[in-house]
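Data file: protein-v1.cif. Format and content: mmCIF, C-alpha atoms.
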```cif
data_data
loop_
_atom_site.label_atom_id
_atom_site.label_comp_id
_atom_site.auth_asym_id
_atom_site.auth_seq_id
_atom_site.Cartn_x
_atom_site.Cartn_y
_atom_site.Cartn_z
CA MET T 1478 103.86 123.10 61.48
CA ALA T 1479 100.27 123.49 62.69
CA ASP T 1480 99.51 122.33 66.23
CA SER T 1481 97.58 119.06 66.40
CA LEU T 1482 95.60 120.29 69.41
CA GLU T 1483 93.73 123.53 69.80
CA VAL T 1484 94.96 125.33 72.91
CA GLU T 1485 94.37 128.77 74.31
CA ARG T 1486 97.61 130.72 74.03
CA HIS T 1487 98.89 133.13 76.62
CA PRO T 1488 102.11 135.11 76.31
CA ALA T 1489 104.89 134.10 78.68
CA PRO T 1490 105.67 136.83 81.22
CA LEU T 1491 108.82 138.77 80.39
CA ASP T 1492 109.31 140.26 83.85
CA ASP T 1493 108.32 139.69 87.48
CA THR T 1494 104.96 141.45 87.26
CA ASP T 1495 101.73 139.57 88.10
CA THR T 1496 99.80 137.97 85.25
CA PRO T 1497 96.18 137.89 86.45
CA ASP T 1498 94.92 137.06 82.97
CA VAL T 1499 96.78 133.72 82.94
CA PRO T 1500 94.73 130.75 84.28
CA PHE T 1501 95.89 128.66 87.22
CA VAL T 1502 97.50 125.30 86.52
CA PRO T 1503 94.58 122.85 86.07
CA TRP T 1504 96.35 119.67 87.22
CA ASP T 1505 96.31 118.25 90.73
CA ARG T 1506 99.31 116.55 92.33
CA ARG T 1507 97.98 113.00 92.31
CA THR T 1508 99.93 110.39 90.39
CA ARG T 1509 98.27 108.18 87.80
CA TYR T 1510 98.51 105.26 90.24
CA GLU T 1511 96.72 107.26 92.94
CA LYS T 1512 93.97 108.24 90.52
CA TRP T 1513 93.63 104.63 89.35
CA GLN T 1514 93.36 103.42 92.95
CA GLU T 1515 90.54 105.90 93.58
CA GLU T 1516 88.76 104.75 90.41
CA GLN T 1517 88.80 101.12 91.64
CA GLY T 1518 86.71 102.01 94.71
CA LEU T 1519 88.58 99.70 97.09
CA PRO T 1520 89.55 100.34 100.71
CA LEU T 1521 93.04 101.81 100.99
CA HIS T 1522 95.01 100.82 104.08
CA ARG T 1523 97.86 103.23 104.80
CA GLY T 1524 100.33 103.59 107.66
CA PHE T 1525 103.55 102.23 109.09
CA LEU T 1526 102.34 98.82 110.29
CA ILE T 1527 99.47 96.45 109.51
CA GLU T 1528 98.93 94.34 112.64
CA ASP T 1529 97.09 91.54 110.83
CA VAL T 1530 96.84 91.43 107.05
CA GLU T 1531 94.20 88.70 107.22
CA ALA T 1532 91.84 91.03 109.12
CA LEU T 1533 91.90 93.92 106.61
CA GLU T 1534 88.59 95.17 105.25
CA THR T 1535 88.08 94.32 101.59
CA ARG T 1536 85.43 95.19 98.97
CA HIS T 1537 84.33 93.77 95.64
CA TRP T 1538 86.76 94.64 92.84
CA PRO T 1539 85.10 94.54 89.40
CA LEU T 1540 88.50 94.35 87.70
CA LEU T 1541 89.06 90.84 89.11
CA ASP T 1542 85.50 90.00 90.21
CA ALA T 1543 86.81 89.29 93.70
CA ASP T 1544 87.15 91.11 97.00
CA ALA T 1545 90.29 93.17 97.52
CA ALA T 1546 91.90 96.14 99.26
CA PHE T 1547 94.96 98.25 98.53
CA VAL T 1548 97.86 98.44 100.99
CA GLU T 1549 100.17 101.46 100.92
CA LEU T 1550 102.81 101.56 103.64
CA VAL T 1551 105.27 104.38 104.27
CA GLY T 1552 108.46 102.50 103.42
CA ALA T 1553 107.38 101.57 99.91
CA ALA T 1554 107.95 105.22 98.97
CA GLU T 1555 105.63 104.79 95.97
CA THR T 1556 108.14 102.50 94.24
CA ASN T 1557 105.94 99.43 94.56
CA GLY T 1558 102.44 98.75 95.80
CA ALA T 1559 100.35 95.94 97.21
CA TYR T 1560 96.85 94.60 97.62
CA VAL T 1561 95.04 91.89 99.55
CA LEU T 1562 92.95 89.53 97.43
CA ARG T 1563 90.09 87.43 98.88
CA LEU T 1564 88.66 84.54 96.87
CA SER T 1565 85.66 82.49 97.96
CA ALA T 1566 85.54 78.71 97.67
CA GLY T 1567 84.65 77.62 94.12
CA SER T 1568 85.12 81.09 92.64
CA ALA T 1569 87.35 82.23 89.80
CA SER T 1570 88.74 85.70 89.23
CA ARG T 1571 88.46 87.46 85.87
CA TRP T 1572 91.20 86.89 83.34
CA GLU T 1573 93.71 89.72 83.60
CA ARG T 1574 96.99 90.86 82.16
CA GLN T 1575 99.19 93.88 82.73
CA ILE T 1576 102.78 94.93 82.18
CA TYR T 1577 103.63 95.31 85.84
CA GLU T 1578 105.01 92.45 87.92
CA GLN T 1579 102.97 90.74 90.62
CA VAL T 1580 104.32 88.53 93.42
CA TYR T 1581 101.77 86.46 95.33
CA TYR T 1582 101.97 85.01 98.83
CA VAL T 1583 99.16 82.72 99.97
CA ILE T 1584 98.11 83.51 103.53
CA SER T 1585 95.26 81.01 103.58
CA GLY T 1586 93.32 78.74 101.27
CA GLU T 1587 94.05 76.56 98.27
CA GLY T 1588 93.60 76.98 94.55
CA VAL T 1589 95.28 77.34 91.18
CA THR T 1590 96.56 80.23 89.08
CA GLU T 1591 96.61 79.45 85.38
CA THR T 1592 97.88 81.05 82.19
CA GLU T 1593 95.65 81.23 79.12
CA GLY T 1594 97.00 79.23 76.20
CA ARG T 1595 99.78 77.53 78.14
CA ALA T 1596 98.50 74.59 80.16
CA GLU T 1597 101.86 73.88 81.79
CA ALA T 1598 102.19 77.44 83.10
CA ARG T 1599 100.01 77.02 86.15
CA ILE T 1600 100.58 77.18 89.88
CA ASP T 1601 98.80 74.93 92.35
CA TRP T 1602 98.97 76.88 95.58
CA ARG T 1603 98.22 76.42 99.26
CA PRO T 1604 98.97 78.31 102.50
CA GLY T 1605 102.60 79.40 102.50
CA SER T 1606 103.06 79.37 98.71
CA LEU T 1607 105.06 82.19 97.09
CA PHE T 1608 104.85 82.57 93.31
CA SER T 1609 104.82 84.91 90.31
CA MET T 1610 103.50 84.50 86.77
CA PRO T 1611 105.23 85.60 83.53
CA LEU T 1612 104.84 89.29 82.76
CA ASN T 1613 101.78 90.27 80.68
CA SER T 1614 100.46 86.72 80.45
CA ARG T 1615 96.67 86.39 80.74
CA THR T 1616 96.05 84.75 84.09
CA ARG T 1617 93.24 84.01 86.51
CA HIS T 1618 92.90 82.47 89.97
CA ARG T 1619 90.52 79.65 90.91
CA ALA T 1620 90.00 78.89 94.60
CA SER T 1621 89.01 75.48 95.93
CA SER T 1622 88.54 76.96 99.42
CA ASN T 1623 88.21 80.45 100.87
CA ALA T 1624 91.58 82.09 100.24
CA ILE T 1625 93.55 85.24 101.07
CA LEU T 1626 96.58 86.30 99.02
CA TYR T 1627 98.96 89.19 99.62
CA VAL T 1628 100.19 90.63 96.32
CA VAL T 1629 103.14 93.00 95.82
CA THR T 1630 103.28 94.80 92.46
CA THR T 1631 105.38 97.22 90.45
CA ALA T 1632 102.20 99.07 89.39
CA PRO T 1633 103.13 102.48 90.88
CA LEU T 1634 106.33 102.76 88.85
CA VAL T 1635 104.82 101.44 85.62
CA MET T 1636 101.56 103.38 85.77
CA ASN T 1637 103.17 106.65 86.81
CA LEU T 1638 105.85 106.39 84.13
CA PHE T 1639 103.52 105.67 81.19
CA HIS T 1640 100.21 107.06 82.58
CA ASN T 1641 98.32 105.24 79.83
CA ASP T 1642 95.92 102.47 80.88
CA GLU T 1643 95.68 100.92 77.43
CA PHE T 1644 99.45 100.50 77.33
CA VAL T 1645 99.48 98.94 80.81
CA PHE T 1646 96.42 96.65 80.60
CA ASP T 1647 95.96 95.93 76.89
CA ASN T 1648 99.50 95.62 75.60
CA PRO T 1649 100.20 92.90 72.97
CA ALA T 1650 103.90 92.56 73.88
CA GLU T 1651 104.79 88.92 74.58
CA PHE T 1652 107.99 89.44 76.63
CA LYS T 1653 109.44 86.16 75.36
CA ASP T 1654 112.66 86.82 77.27
CA ARG T 1655 110.69 86.40 80.50
CA LEU T 1656 109.42 82.89 79.79
CA VAL T 1657 110.72 80.19 82.14
CA PRO T 1658 110.89 76.36 81.87
CA ASP T 1659 107.67 74.50 82.61
CA ALA T 1660 109.32 72.65 85.50
CA MET T 1661 109.64 75.89 87.47
CA PHE T 1662 105.84 76.02 87.83
CA ASP T 1663 106.08 72.82 89.89
CA GLY T 1664 108.62 74.40 92.22
CA GLU T 1665 111.75 73.08 90.52
CA GLY T 1666 114.50 75.58 89.95
CA VAL T 1667 118.21 76.26 90.17
CA LEU T 1668 120.09 76.88 93.41
CA TRP T 1669 123.01 79.29 93.34
CA ARG T 1670 125.61 80.20 95.95
CA ARG T 1671 126.14 83.88 96.68
CA LYS T 1672 129.54 85.02 97.80
CA GLY T 1673 129.21 86.53 101.26
CA GLY T 1674 125.43 86.11 101.28
CA SER T 1675 122.58 83.64 101.38
CA ASN T 1676 121.80 80.95 98.82
CA LEU T 1677 119.70 82.06 95.85
CA TRP T 1678 116.89 79.90 94.46
CA HIS T 1679 115.74 80.69 90.88
CA THR T 1680 112.15 79.52 90.39
CA VAL T 1681 108.60 80.84 90.05
CA LEU T 1682 107.17 78.88 92.98
CA VAL T 1683 108.39 78.23 96.51
CA ASP T 1684 106.01 76.13 98.58
CA ASP T 1685 105.47 76.05 102.34
CA LEU T 1686 107.55 79.09 103.32
CA PRO T 1687 106.65 78.78 107.03
CA GLY T 1688 107.99 75.21 107.16
CA ARG T 1689 110.71 75.14 104.50
CA HIS T 1690 114.27 74.39 105.60
CA LEU T 1691 116.51 77.43 105.13
CA PRO T 1692 120.29 77.47 104.61
CA ALA T 1693 122.50 78.98 107.30
CA ALA T 1694 123.41 82.64 106.76
CA PRO T 1695 125.52 83.61 109.81
CA ALA T 1696 126.69 86.84 108.17
CA ARG T 1697 123.19 88.27 108.82
CA GLY T 1698 122.98 87.36 112.51
CA ALA T 1699 123.56 84.74 115.20
CA LYS T 1700 122.23 81.39 113.95
CA ASN T 1701 120.31 83.19 111.20
CA ARG T 1702 118.96 81.21 108.25
CA THR T 1703 118.01 82.83 104.94
CA LEU T 1704 116.92 81.81 101.46
CA SER T 1705 116.84 84.42 98.68
CA VAL T 1706 114.51 83.84 95.74
CA GLN T 1707 114.78 85.10 92.15
CA LEU T 1708 111.18 84.82 90.95
CA GLY T 1709 111.31 84.00 87.25
CA GLU T 1710 112.72 86.94 85.30
CA ASN T 1711 111.28 89.53 87.68
CA THR T 1712 112.86 92.64 89.05
CA LEU T 1713 110.89 92.06 92.27
CA VAL T 1714 112.46 89.29 94.34
CA ALA T 1715 112.08 87.88 97.83
CA HIS T 1716 113.88 86.35 100.74
CA VAL T 1717 112.78 84.27 103.72
CA SER T 1718 114.69 84.66 106.97
CA GLU T 1719 114.53 82.92 110.34
CA PHE T 1720 116.22 83.62 113.67
CA PRO T 1721 115.88 81.30 116.68
CA VAL T 1722 114.57 81.91 120.19
CA GLY T 1723 116.75 84.31 122.16
CA THR T 1724 118.41 85.87 119.08
CA TYR T 1725 118.10 88.90 116.84
CA LYS T 1726 119.32 89.95 113.43
CA LYS T 1727 122.10 92.42 112.78
CA CYS T 1728 121.09 96.01 112.15
CA HIS T 1729 120.98 96.96 108.47
CA ARG T 1730 119.45 99.35 105.95
CA HIS T 1731 118.56 99.41 102.25
CA GLY T 1732 116.42 101.16 99.68
CA PRO T 1733 112.60 101.36 99.61
CA GLY T 1734 109.96 98.76 99.01
CA ALA T 1735 110.75 95.73 101.23
CA HIS T 1736 107.37 94.33 102.30
CA ILE T 1737 108.08 92.35 105.47
CA LEU T 1738 105.33 89.88 106.28
CA MET T 1739 105.77 87.87 109.48
CA LEU T 1740 105.23 84.14 108.97
CA GLY T 1741 105.84 82.90 112.50
CA GLY T 1742 106.99 83.91 115.97
CA GLU T 1743 106.59 87.05 118.03
CA GLY T 1744 108.89 89.98 118.64
CA TYR T 1745 109.59 93.53 117.64
CA SER T 1746 111.64 95.60 115.22
CA LEU T 1747 113.45 98.88 115.87
CA LEU T 1748 113.78 101.49 113.13
CA TRP T 1749 115.52 104.84 113.00
CA LYS T 1750 116.82 107.22 110.37
CA ASP T 1751 120.03 108.67 111.81
CA ASP T 1752 119.89 108.79 115.61
CA VAL T 1753 119.34 105.51 117.47
CA GLU T 1754 117.92 107.49 120.38
CA GLN T 1755 114.98 108.42 118.13
CA ARG T 1756 114.20 104.82 117.22
CA MET T 1757 110.66 103.59 116.53
CA ARG T 1758 109.38 100.24 117.64
CA VAL T 1759 106.87 97.97 115.92
CA ASP T 1760 105.62 94.82 117.64
CA TRP T 1761 104.76 91.92 115.40
CA LYS T 1762 103.21 88.47 115.27
CA PRO T 1763 102.19 86.15 112.39
CA ASN T 1764 100.55 88.10 109.52
CA SER T 1765 101.90 91.45 110.72
CA LEU T 1766 103.25 93.61 107.89
CA PHE T 1767 105.55 96.63 107.68
CA VAL T 1768 107.93 98.27 105.20
CA PRO T 1769 111.08 99.99 106.53
CA PRO T 1770 111.45 103.51 105.10
CA PRO T 1771 114.31 104.01 102.60
CA TYR T 1772 117.74 103.81 104.23
CA TRP T 1773 116.40 103.70 107.77
CA TRP T 1774 118.41 101.45 110.05
CA HIS T 1775 116.28 98.56 111.31
CA GLN T 1776 116.75 95.43 113.36
CA HIS T 1777 114.49 92.46 114.15
CA PHE T 1778 114.26 90.80 117.61
CA ASN T 1779 112.72 87.46 118.60
CA THR T 1780 111.08 87.63 122.05
CA GLY T 1781 108.83 84.60 121.59
CA SER T 1782 109.08 80.93 122.45
CA VAL T 1783 109.52 79.68 118.84
CA PRO T 1784 111.80 80.72 115.96
CA ALA T 1785 110.75 83.94 114.21
CA ARG T 1786 110.41 83.80 110.44
CA TYR T 1787 109.46 86.45 107.88
CA LEU T 1788 109.04 86.92 104.15
CA ALA T 1789 110.41 90.04 102.47
CA VAL T 1790 109.15 90.84 98.94
CA ARG T 1791 111.38 93.59 97.62
CA TRP T 1792 113.67 95.10 95.01
CA GLY T 1793 117.26 93.91 94.87
CA SER T 1794 117.30 91.30 92.12
CA VAL T 1795 120.82 90.08 91.38
CA LYS T 1796 119.84 89.01 87.86
CA HIS T 1797 117.74 92.06 86.92
CA PRO T 1798 118.70 94.89 89.31
CA LEU T 1799 116.57 98.02 89.35
CA ASP T 1800 119.31 99.96 91.13
CA HIS T 1801 122.01 99.27 93.72
CA SER T 1802 120.15 100.23 96.89
CA TYR T 1803 120.18 96.62 98.18
CA ASP T 1804 123.74 95.70 97.22
CA LYS T 1805 125.41 96.21 100.60
CA ILE T 1806 122.92 94.78 103.08
CA ALA T 1807 125.44 92.18 104.30
CA VAL T 1808 128.51 94.44 104.09
CA SER T 1809 129.75 95.93 107.35
CA GLU T 1810 129.35 99.65 107.89
CA ALA T 1811 133.06 99.67 108.73
CA GLU T 1812 133.62 98.63 105.09
CA GLU T 1813 131.24 101.31 103.77
CA GLY T 1814 128.36 98.87 103.73
CA ASP T 1815 124.84 98.91 105.18
CA GLN T 1816 125.13 96.50 108.10
CA ILE T 1817 126.15 97.21 111.70
CA GLU T 1818 127.98 94.34 113.36
CA TYR T 1819 126.91 93.29 116.87
CA ALA T 1820 130.11 94.64 118.43
CA ASN T 1821 129.50 98.07 116.87
CA GLN T 1822 125.84 98.52 117.71
CA ALA T 1823 124.70 101.01 120.35
CA PRO T 1824 124.73 99.37 123.82
CA ILE T 1825 121.08 100.35 124.37
CA ILE T 1826 120.02 97.93 121.62
CA HIS T 1827 121.22 94.83 123.48
CA GLU T 1828 120.19 96.22 126.85
CA GLN T 1829 116.64 96.71 125.62
CA TYR T 1830 116.56 93.17 124.26
CA VAL T 1831 117.77 91.69 127.55
CA ALA T 1832 115.01 93.55 129.39
CA GLU T 1833 112.31 92.46 126.93
CA CYS T 1834 113.33 88.81 127.13
CA ALA T 1835 113.44 88.96 130.94
CA LYS T 1836 109.82 90.18 130.99
CA ARG T 1837 108.77 87.11 129.02
CA GLY T 1838 111.02 84.53 130.68
CA VAL T 1839 112.93 83.96 127.45
CA SER T 1840 116.55 82.85 127.72
CA ILE T 1841 118.94 84.70 125.42
CA ASP T 1842 121.06 82.42 123.23
CA THR T 1843 124.66 82.31 124.41
CA ASP T 1844 125.92 82.79 120.84
CA THR T 1845 124.12 86.14 120.72
CA LEU T 1846 125.63 87.13 124.06
CA ARG T 1847 129.08 86.25 122.83
CA THR T 1848 128.84 87.96 119.44
CA ALA T 1849 127.20 91.06 120.95
CA GLY T 1850 130.61 92.07 122.25
CA GLY T 1851 129.73 91.87 125.91
CA LYS T 1852 127.59 95.01 125.81
CA LEU T 1853 125.20 94.06 128.62
#
```
Show me the file's structure as structure tokens.
Amino acid sequence: MADSLEVERHPAPLDDTDTPDVPFVPWDRRTRYEKWQEEQGLPLHRGFLIEDVEALETRHWPLLDADAAFVELVGAAETNGAYVLRLSAGSASRWERQIYEQVYYVISGEGVTETEGRAEARIDWRPGSLFSMPLNSRTRHRASSNAILYVVTTAPLVMNLFHNDEFVFDNPAEFKDRLVPDAMFDGEGVLWRRKGGSNLWHTVLVDDLPGRHLPAAPARGAKNRTLSVQLGENTLVAHVSEFPVGTYKKCHRHGPGAHILMLGGEGYSLLWKDDVEQRMRVDWKPNSLFVPPPYWWHQHFNTGSVPARYLAVRWGSVKHPLDHSYDKIAVSEAEEGDQIEYANQAPIIHEQYVAECAKRGVSIDTDTLRTAGGKL
């Protein structure tokens, strides 16, 4: 059969001798997602920690006719990506559609996100709203006040796998299996109990994450409260977690791509790969953002005067799992899981926390002292 493309042929070497007449490989090592990011001309914020997402530099993005910037943190490991979207009061973004998922969290401002051709499929959002729209639906955002949204996407996986922009951005597939009831766009949903874990809310909108009441989840830490969220039929999901003054969460690990955005409180997190003595520390406050690297142990500590609360947008869907790298977050390491119980943590962890709280005049909760196994 004749070749459909004309190419210059060179014989394959039959031995270990040099082949100076053969040209060098013409391709660079950038992924399609990296090339696409460069083509968009937006600022790209890399690193381990973003101290304040709201303060990031943005630039006009013709694709959406709004200001934006890409965020690429170490722990995402190129499995998911993110961007910050700024909308001015009275503006509307361009209509868009794509076959990668997008999860939105509203940092500030109010507005609406609507779906073309389906009047009921719209989200009225405000600060603290978390939502996602059906895959590949044509959507746009309209802002009634200046607004900032943090958006986590599956674009890196999708674009690198297919490396075809027409397939990604101009695909006629309707994905009817991903449609959800109209009521979910008003924040109604279904609450499920998870054996050995937090409650799971199935919806496409959760409003007022900083102020929403969360169910108790003591398996994750002293007086911890957590709500897990299955966003529509997405593979990307989320959870919101809170731990009171004078407490900290149990140490745990999981796969890549958990975007942790602090909603309230002040404190720090410790992260290490294998040796706790080589731990890293990140200090956080509201609107700080970091992504723990894949399978690094990490632990979150409240050193402030109010409860600490964060949002994690991540993999780990129970309904549509991508893999099993989040399955054992709440299972003790002693049972071959990915959580270290208080009594089994390195003594230095609690000692450091006691010292940090003493500096700030914060009283440690007696429940934490008791469950920490007396390692003072």
Atom-to-atom span, CA of Leu1682 in chain T and CA of Ser1609 in chain T, Å: 7.0 Å
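Of the listed residues T:Pro1633, T:Pro1695, T:Gly1524, T:Gly1732, the one whose atoms come nearest to Trp1773 in chain T is T:Gly1732, with distances taken using all atoms listed in the file.
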For the structure provided, state which residues fall under the PyMOL selection byres ((chain T and resi 1655) around 12), and present them as a JSON list (two decimals) with C-alpha atoms, in the coordinates of the input.
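File produced: part05.json:
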```
[["chain", "number", "residue", "atom", "x", "y", "z"],
["T", 1576, "ILE", "CA", 102.78, 94.93, 82.18],
["T", 1578, "GLU", "CA", 105.01, 92.45, 87.92],
["T", 1609, "SER", "CA", 104.82, 84.91, 90.31],
["T", 1610, "MET", "CA", 103.50, 84.50, 86.77],
["T", 1611, "PRO", "CA", 105.23, 85.60, 83.53],
["T", 1612, "LEU", "CA", 104.84, 89.29, 82.76],
["T", 1613, "ASN", "CA", 101.78, 90.27, 80.68],
["T", 1614, "SER", "CA", 100.46, 86.72, 80.45],
["T", 1650, "ALA", "CA", 103.90, 92.56, 73.88],
["T", 1651, "GLU", "CA", 104.79, 88.92, 74.58],
["T", 1652, "PHE", "CA", 107.99, 89.44, 76.63],
["T", 1653, "LYS", "CA", 109.44, 86.16, 75.36],
["T", 1654, "ASP", "CA", 112.66, 86.82, 77.27],
["T", 1656, "LEU", "CA", 109.42, 82.89, 79.79],
["T", 1657, "VAL", "CA", 110.72, 80.19, 82.14],
["T", 1658, "PRO", "CA", 110.89, 76.36, 81.87],
["T", 1681, "VAL", "CA", 108.60, 80.84, 90.05],
["T", 1708, "LEU", "CA", 111.18, 84.82, 90.95],
["T", 1709, "GLY", "CA", 111.31, 84.00, 87.25],
["T", 1710, "GLU", "CA", 112.72, 86.94, 85.30],
["T", 1711, "ASN", "CA", 111.28, 89.53, 87.68],
["T", 1712, "THR", "CA", 112.86, 92.64, 89.05],
["T", 1797, "HIS", "CA", 117.74, 92.06, 86.92]]
```
Shell around Leu1562 in chain T at 7 Å using all atoms listed in the file, local window under 3 positions removed, as a PyMOL selection string: chain T and resi 1544-1546+1625-1627
Result set of the PyMOL selection byres ((chain T and resi 1557) around 7) on the coordinates above, as a VMD selection string: chain T and resid 1553 1555 to 1556 1558 1630 to 1634 1734
